[in-house]
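Engineer: Handing you a structure now.
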4 protein chains.
Amino acid sequence: MKKDDITTEEKIINASIELFSEKGFDSTKTSEIAKNAGIAEGTIFRYFKTKKDILMSIVTKAIQFFSEKFVVIPLNKILHTEKPEEEILFDLLKDRYGMITKNFSIIKVVGTEALTKEKIREKLVEHIAIKTLEIGEEFYQQGVEKGIFRDLPPRTVVRSLFGSIMMLIAEQQFLPDDKKSKDVDNEIRMIVEIFINGIKSRKEQ
Amino acid sequence: MKKDDITTEEKIINASIELFSEKGFDSTKTSEIAKNAGIAEGTIFRYFKTKKDILMSIVTKAIQFFSEKFVVIPLNKILHTEKPEEEILFDLLKDRYGMITKNFSIIKVVGTEALTKEKIREKLVEHIAIKTLEIGEEFYQQGVEKGIFRDLPPRTVVRSLFGSIMMLIAEQQFLPDDKKSKDVDNEIRMIVEIFINGIKSRKEQ
Amino acid sequence: MKKDDITTEEKIINASIELFSEKGFDSTKTSEIAKNAGIAEGTIFRYFKTKKDILMSIVTKAIQFFSEKFVVIPLNKILHTEKPEEEILFDLLKDRYGMITKNFSIIKVVGTEALTKEKIREKLVEHIAIKTLEIGEEFYQQGVEKGIFRDLPPRTVVRSLFGSIMMLIAEQQFLPDDKKSKDVDNEIRMIVEIFINGIKSRKEQ
Amino acid sequence: MKKDDITTEEKIINASIELFSEKGFDSTKTSEIAKNAGIAEGTIFRYFKTKKDILMSIVTKAIQFFSEKFVVIPLNKILHTEKPEEEILFDLLKDRYGMITKNFSIIKVVGTEALTKEKIREKLVEHIAIKTLEIGEEFYQQGVEKGIFRDLPPRTVVRSLFGSIMMLIAEQQFLPDDKKSKDVDNEIRMIVEIFINGIKSRKEQ
DNA sequence: CATGAATGAGAATTCATTCAT
DNA sequence: TATGAATGAATTCTCATTCAT
């Protein structure tokens with residue numbers, strides 16, 4: 001692996017992700033992709049038959065990547081650990097938070113396209129959303145069986161927790177600096193705490 | 001005022017919302033808007049200088065509409081009621097859920113544009129996001145003062161609850177029928193319950 | 001003749017002359033003509049089949065008007081007077097200058113159109129240019145016969161004098177105030193003087 | 001540098017000058033420019049952002065070109081010569097006549113635009129009209145100082161002579177062949193003669 | 001393989017003209 | 001007769017894609 005070992009195809013993909021996430025697919029011109037990638041416009045079409053193929057390549061790679069990261073890896077973590085559930089949850093969510101944040105550009109691209117393209121939405125739902133929920137539900141069920149968690153509808157629990165984390169990510173991505181939380185680690189910890197213990201005052205119980 | 005009193009401008013706006021939300025702004029042709037609105041293509045430009053102006057009009061109207069619905073109205077509901085907090089929350093979230101679901105097309109349009117357009121994002125954050133959070137935080141603080149809620153960071157609590165509801169909405173909008181929850185009312189009730197009581201087994205306490 | 005005795009057709013013509021001379025025929029929209037004339041856009045087409053017909057009407061009227069003013073009237077003045085030639089010339093040119101200046105808008109319109117429209121140019125040449133030259137030449141010939149003027153090619157003399165006056169008009173119309181001559185009467189008098197006596201120093205003779 | 005070294009941009013400019021001068025800017029379609037230039041319509045917009053930019057490019061280039069030809073070059077001719085004034089004038093005017101006639105298309109384009117566009121008119125006045133007058137006045141003043149010319153208002157003299165030449169050009173450009181002068185050289189010579197000696201019969205003096 | 005000028009199909013936009021009221 | 005909203009043909013302009021070098 002030499003230093004400049006980035007292929008022309010990768011240059012195109014990277015430039016495209018950056019521009020698509022900034023301005024959207026349709027508003028990004030192939031001339032801009034070329035300039036951003038440091039290549040000639042015509043060169044793009046030696047690697048991708050059409051502009052749409054670039055998008056599809058990004059989407060396909062992203063779904064593969066995230067389906068692996070979200071689905072395969074956590075399974076092992078969850079099943080083979082002795083830590084308390086609160087810790088497991090914190091680790092898991094922090095890991096997810098980091099991964100989503102690090103790859104936010106590509107997620108924005110895929111997510112935006114999913115809004116209007118049935119096919120992409122279906123793949124996203126099938127390969128990531130459903131499986132992620134299933135793993136979460138599995139984890140929750142184990143807790144229920146161990147008597148750690150109450151016997152609530154797992155889907156509802158998992159979906160809600162995931163929503164809380166997504167909202168934290170949205171806040172960090174879209175709010176101006178002076179409006180967003182500073183200590184993300186602590187935010188994640190608080191979210192887990194709230195989920196586990198609820199917000200009701202102890203006096204009430 | 002005759003029976004079919006829908007102005008040409010409204011026809012254009014409605015057709016545009018439908019198409020923009022389905023296919024996105026750029027992929028929607030003005031010829032399609034015209035056909036969908038049942039008017040000639042040229043007529044569009046008597047009402048909107050450019051295609052982009054249609055989008056801007058939709059966004060502006062939407063922000064006005066939702067800023068009123070989300071910000072002004074709930075304040076009264078929250079401050080002048082004697083119901084238990086759990087009921088207030090349920091009513092409020094159900095109301096929000098209904099409103100978002102009913103106007104999902106327009107929200108999709110505005111949301112999608114906000115992803116790539118700084119200006120729109122700023123307006124959305126300023127007029128809706130921040131204010132909605134503030135009202136939620138106000139409500140939570142009152143509960144804390146009354147000793148009903150624990151003294152947790154209000155922003156975190158509100159954001160998490162809002163995220164949970166948004167995820168329910170996303171599920172309902174994007175998952176295929178066989179994968180999504182059937183009884184939304186009950187889902188909302190569960191979400192409130194989880195938030196208030198947490199998921200920890202009673203035995204643990 | 002009541003005060004507001006200006007017909008709708010005249011309103012359209014006047015508004016059109018003003019706008020055509022300011023912005024050109026093609027750049028003037030019928031909507032602007034209507035607004036300027038204080039009528040509805042559709043009304044224009046009750047009086048003129050097409051926008052081009054307005055222009056043609058203006059051009060035709062203008063050619064009629066100027067052909068009368070330039071050709072018929074001066075003939076009499078020239079033939080039935082006892083004043084010295086220098087005075088006749090001054091009177092004639094001052095009269096022409098005033099008429100052109102007063103009607104400059106309409107002349108600008110007709111002139112501009114003549115540049116690109118063969119038909120209009122032909123009419124202008126036939127009905128005004130040639131006849132004006134002929135009258136001038138006739139006047140000059142009389143002077144030659146009387147021994148007042150040298151026997152020079154009449155066309156050259158008349159054309160040159162007319163050019164000098166036109167250039168004065170151009171200066172007055174197009175130069176900024178601080179660059180143009182103040183005393184037009186005197187300018188005309190000077191032009192006549194130069195033509196009659198030349199610019200050569202007397203010492204030289 | 002190959003034989004047919006005319007750039008695409010030049011093709012567009014040349015085709016545009018030809019068409020604009022024939023039919024006017026607004027009546028010339030970009031499709032016609034493309035056909036006339038032997039290129040695809042879209043190619044035009046690789047070189048000029050808008051159709052108007054073609055016009056502006058022509059105007060700018062023309063003003064530069066003529067300001068150089070009219071202002072810089074003649075100064076030297078006038079100041080460094082020993083010929084009699086009549087000869088200098090004839091040479092100068094013949095030179096101007098040739099240049100204007102050769103570039104009449106482009107002058108027609110710029111002139112027409114100047115009639116309706118303040119900005120262009122200002123540039124034309126500032127860079128060409130005023131300077132040309134100044135040079136003429138300088139030349140005349142020298143003659144006055146040498147005692148060759150009478151002490152008349154230089155502006156009036158120069159403007160009038162320039163007007164006479166312009167009218168000759170107009171005649172040549174716009175009158176039908178059978179109506180216009182045949183021997184232009186002689187016409188120019190006559191104009192100079194008339195200016196220098198006037199039209200008054202010698203007997204009168 | 002890379003280039004970038006040229007292409008042309010397709011989209012947005014303009015505006016004179018029509019016509020129901 | 002006057003109106004002005006609606007029309008749609010005509011035009012400008014965009015940009016992904018091609019292809020000769």
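Chain identifiers are assigned as A, B, and so on, following the order in which chains appear in the structure tokens; residues are numbered from 1 within each chain, and ligands are numbered from 1 in order of appearance.
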Counting only C-alpha atoms (C1' of nucleotides), which residues from chain C have an atom at most 9 Å from any atom of chain F, and could you show them as a PyMOL selection string?

Structural biologist: chain C and resi 39-43+46

Engineer: Write the residues of the preceding selection, restricted to all heavy atoms, as a PDB file, in the first residue's frame.

Structural biologist:
```
ATOM      1  N   ILE C  39     -54.699  50.730 -19.358  1.00  0.00           N
ATOM      2  CA  ILE C  39     -55.780  49.847 -19.826  1.00  0.00           C
ATOM      3  C   ILE C  39     -55.401  48.393 -19.564  1.00  0.00           C
ATOM      4  O   ILE C  39     -54.299  48.115 -19.091  1.00  0.00           O
ATOM      5  CB  ILE C  39     -56.026  50.030 -21.342  1.00  0.00           C
ATOM      6  CG1 ILE C  39     -54.720  49.753 -22.096  1.00  0.00           C
ATOM      7  CG2 ILE C  39     -56.538  51.423 -21.659  1.00  0.00           C
ATOM      8  CD1 ILE C  39     -54.916  49.547 -23.571  1.00  0.00           C
ATOM      9  N   ALA C  40     -56.324  47.497 -19.870  1.00  0.00           N
ATOM     10  CA  ALA C  40     -56.020  46.074 -19.693  1.00  0.00           C
ATOM     11  C   ALA C  40     -55.265  45.545 -20.905  1.00  0.00           C
ATOM     12  O   ALA C  40     -55.421  46.053 -22.018  1.00  0.00           O
ATOM     13  CB  ALA C  40     -57.296  45.284 -19.507  1.00  0.00           C
ATOM     14  N   GLU C  41     -54.426  44.520 -20.649  1.00  0.00           N
ATOM     15  CA  GLU C  41     -53.587  43.991 -21.721  1.00  0.00           C
ATOM     16  C   GLU C  41     -54.441  43.539 -22.911  1.00  0.00           C
ATOM     17  O   GLU C  41     -54.120  43.810 -24.070  1.00  0.00           O
ATOM     18  CB  GLU C  41     -52.740  42.824 -21.196  1.00  0.00           C
ATOM     19  CG  GLU C  41     -51.574  42.498 -22.103  1.00  0.00           C
ATOM     20  CD  GLU C  41     -50.627  41.485 -21.474  1.00  0.00           C
ATOM     21  OE1 GLU C  41     -50.862  41.068 -20.323  1.00  0.00           O
ATOM     22  OE2 GLU C  41     -49.649  41.106 -22.137  1.00  0.00           O
ATOM     23  N   GLY C  42     -55.541  42.875 -22.609  1.00  0.00           N
ATOM     24  CA  GLY C  42     -56.395  42.369 -23.677  1.00  0.00           C
ATOM     25  C   GLY C  42     -56.953  43.463 -24.580  1.00  0.00           C
ATOM     26  O   GLY C  42     -57.206  43.228 -25.769  1.00  0.00           O
ATOM     27  N   THR C  43     -57.140  44.611 -23.993  1.00  0.00           N
ATOM     28  CA  THR C  43     -57.725  45.728 -24.755  1.00  0.00           C
ATOM     29  C   THR C  43     -56.859  46.124 -25.950  1.00  0.00           C
ATOM     30  O   THR C  43     -57.379  46.529 -26.993  1.00  0.00           O
ATOM     31  CB  THR C  43     -57.928  46.941 -23.826  1.00  0.00           C
ATOM     32  OG1 THR C  43     -58.720  46.519 -22.713  1.00  0.00           O
ATOM     33  CG2 THR C  43     -58.640  48.074 -24.544  1.00  0.00           C
ATOM     34  N   ARG C  46     -57.864  44.648 -29.148  1.00  0.00           N
ATOM     35  CA  ARG C  46     -59.106  45.072 -29.792  1.00  0.00           C
ATOM     36  C   ARG C  46     -58.791  46.173 -30.806  1.00  0.00           C
ATOM     37  O   ARG C  46     -59.549  46.439 -31.725  1.00  0.00           O
ATOM     38  CB  ARG C  46     -60.096  45.635 -28.776  1.00  0.00           C
ATOM     39  CG  ARG C  46     -60.352  44.707 -27.619  1.00  0.00           C
ATOM     40  CD  ARG C  46     -61.680  45.048 -26.967  1.00  0.00           C
ATOM     41  NE  ARG C  46     -62.416  43.819 -26.805  1.00  0.00           N
ATOM     42  CZ  ARG C  46     -63.277  43.330 -27.696  1.00  0.00           C
ATOM     43  NH1 ARG C  46     -63.554  43.992 -28.788  1.00  0.00           N
ATOM     44  NH2 ARG C  46     -63.877  42.184 -27.458  1.00  0.00           N
TER      45      ARG C  46
END
```

Engineer: I want to know what sits within 12 Å of B:Asn103, based on only C-alpha atoms (C1' of nucleotides), with residues of the same chain fewer than 2 positions away left out; could you give that as a list in words?

Structural biologist: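 Listing them by chain and then by number gives Asn14, Ile17, Glu18, Ser21, Ala62, Phe65, Phe66, Lys69, Arg96, Tyr97, Gly98, Met99, Ile100, Thr101, Ser105, Ile106, Ile107, Lys108, Val109, Val110, Gly111, Ile169 and Gln173 of chain B.
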
Engineer: State the Cα RMSD (Å, one decimal) obtained when chain C is least-squares superposed onto chain D, all Cα atoms paired in order.

Structural biologist: 0.4 Å

Engineer: For chain B, which residues have at least one atom within 10 Å of chain E, if we go by only C-alpha atoms (C1' of nucleotides)? Write them as an mmCIF file with N, CA and C atoms, in the first residue's frame, please.

Structural biologist:
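result.cif written:
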```cif
data_model
loop_
_atom_site.group_PDB
_atom_site.id
_atom_site.type_symbol
_atom_site.label_atom_id
_atom_site.label_comp_id
_atom_site.auth_asym_id
_atom_site.auth_seq_id
_atom_site.Cartn_x
_atom_site.Cartn_y
_atom_site.Cartn_z
ATOM 1 N N LYS B 29 -40.691 17.769 -12.914
ATOM 2 C CA LYS B 29 -40.670 18.720 -14.029
ATOM 3 C C LYS B 29 -41.852 19.681 -13.912
ATOM 4 N N THR B 30 -41.663 20.907 -14.354
ATOM 5 C CA THR B 30 -42.790 21.847 -14.293
ATOM 6 C C THR B 30 -43.944 21.355 -15.170
ATOM 7 N N SER B 31 -43.607 20.610 -16.205
ATOM 8 C CA SER B 31 -44.669 20.055 -17.055
ATOM 9 C C SER B 31 -45.531 19.080 -16.247
ATOM 10 N N GLU B 41 -48.643 24.705 -18.585
ATOM 11 C CA GLU B 41 -47.330 24.887 -17.964
ATOM 12 C C GLU B 41 -47.026 26.379 -17.760
ATOM 13 N N GLY B 42 -47.360 27.177 -18.758
ATOM 14 C CA GLY B 42 -47.069 28.602 -18.657
ATOM 15 C C GLY B 42 -47.762 29.280 -17.485
ATOM 16 N N PHE B 45 -45.982 30.046 -14.222
ATOM 17 C CA PHE B 45 -45.067 31.179 -14.127
ATOM 18 C C PHE B 45 -45.775 32.532 -14.025
ATOM 19 N N LYS B 49 -42.344 33.080 -10.119
ATOM 20 C CA LYS B 49 -41.331 33.501 -11.087
ATOM 21 C C LYS B 49 -40.475 32.330 -11.564
ATOM 22 N N THR B 50 -40.089 31.484 -10.644
ATOM 23 C CA THR B 50 -39.280 30.322 -11.017
ATOM 24 C C THR B 50 -39.810 29.091 -10.293
ATOM 25 N N LYS B 51 -39.361 27.945 -10.756
ATOM 26 C CA LYS B 51 -39.743 26.690 -10.115
ATOM 27 C C LYS B 51 -39.289 26.708 -8.654
#
```

Engineer: Among chain D, which ones does DSSP place in alpha helix (DSSP H), written as a ChimeraX atom specification?

Structural biologist: /D:8-23,30-37,41-47,51-67,73-79,85-102,104-116,118-124,130-145,154-174,184-197

Engineer: Identify all chain A residues at most 8 Å from chain B by counting only C-alpha atoms; ligands do not count. Present them as a ChimeraX atom specification.

Structural biologist: /A:21-24,26-27,108,112,115-117,121,125,147-150,152,156-157,159-168,174-175,187,190-191,194-204

Engineer: Go ahead and compute the interatomic distance for atom CA of C:Lys102 and atom CA of C:Asn36, in Å to one decimal.

Structural biologist: 20.4 Å

Engineer: Quick check, in Å to one decimal: how far apart do atom CA of B:Glu86 and atom CA of B:Asp185 lie?

Structural biologist: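 Interatomic distance, atom CA of B:Glu86 to atom CA of B:Asp185: 13.7 Å.
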
Engineer: For atom CA of D:Lys94 and atom CA of D:Glu138, determine how far apart the two atoms are, in Å to one decimal place.

Structural biologist: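 Atom-to-atom, atom CA of D:Lys94 and atom CA of D:Glu138 are spaced 19.0 Å apart.
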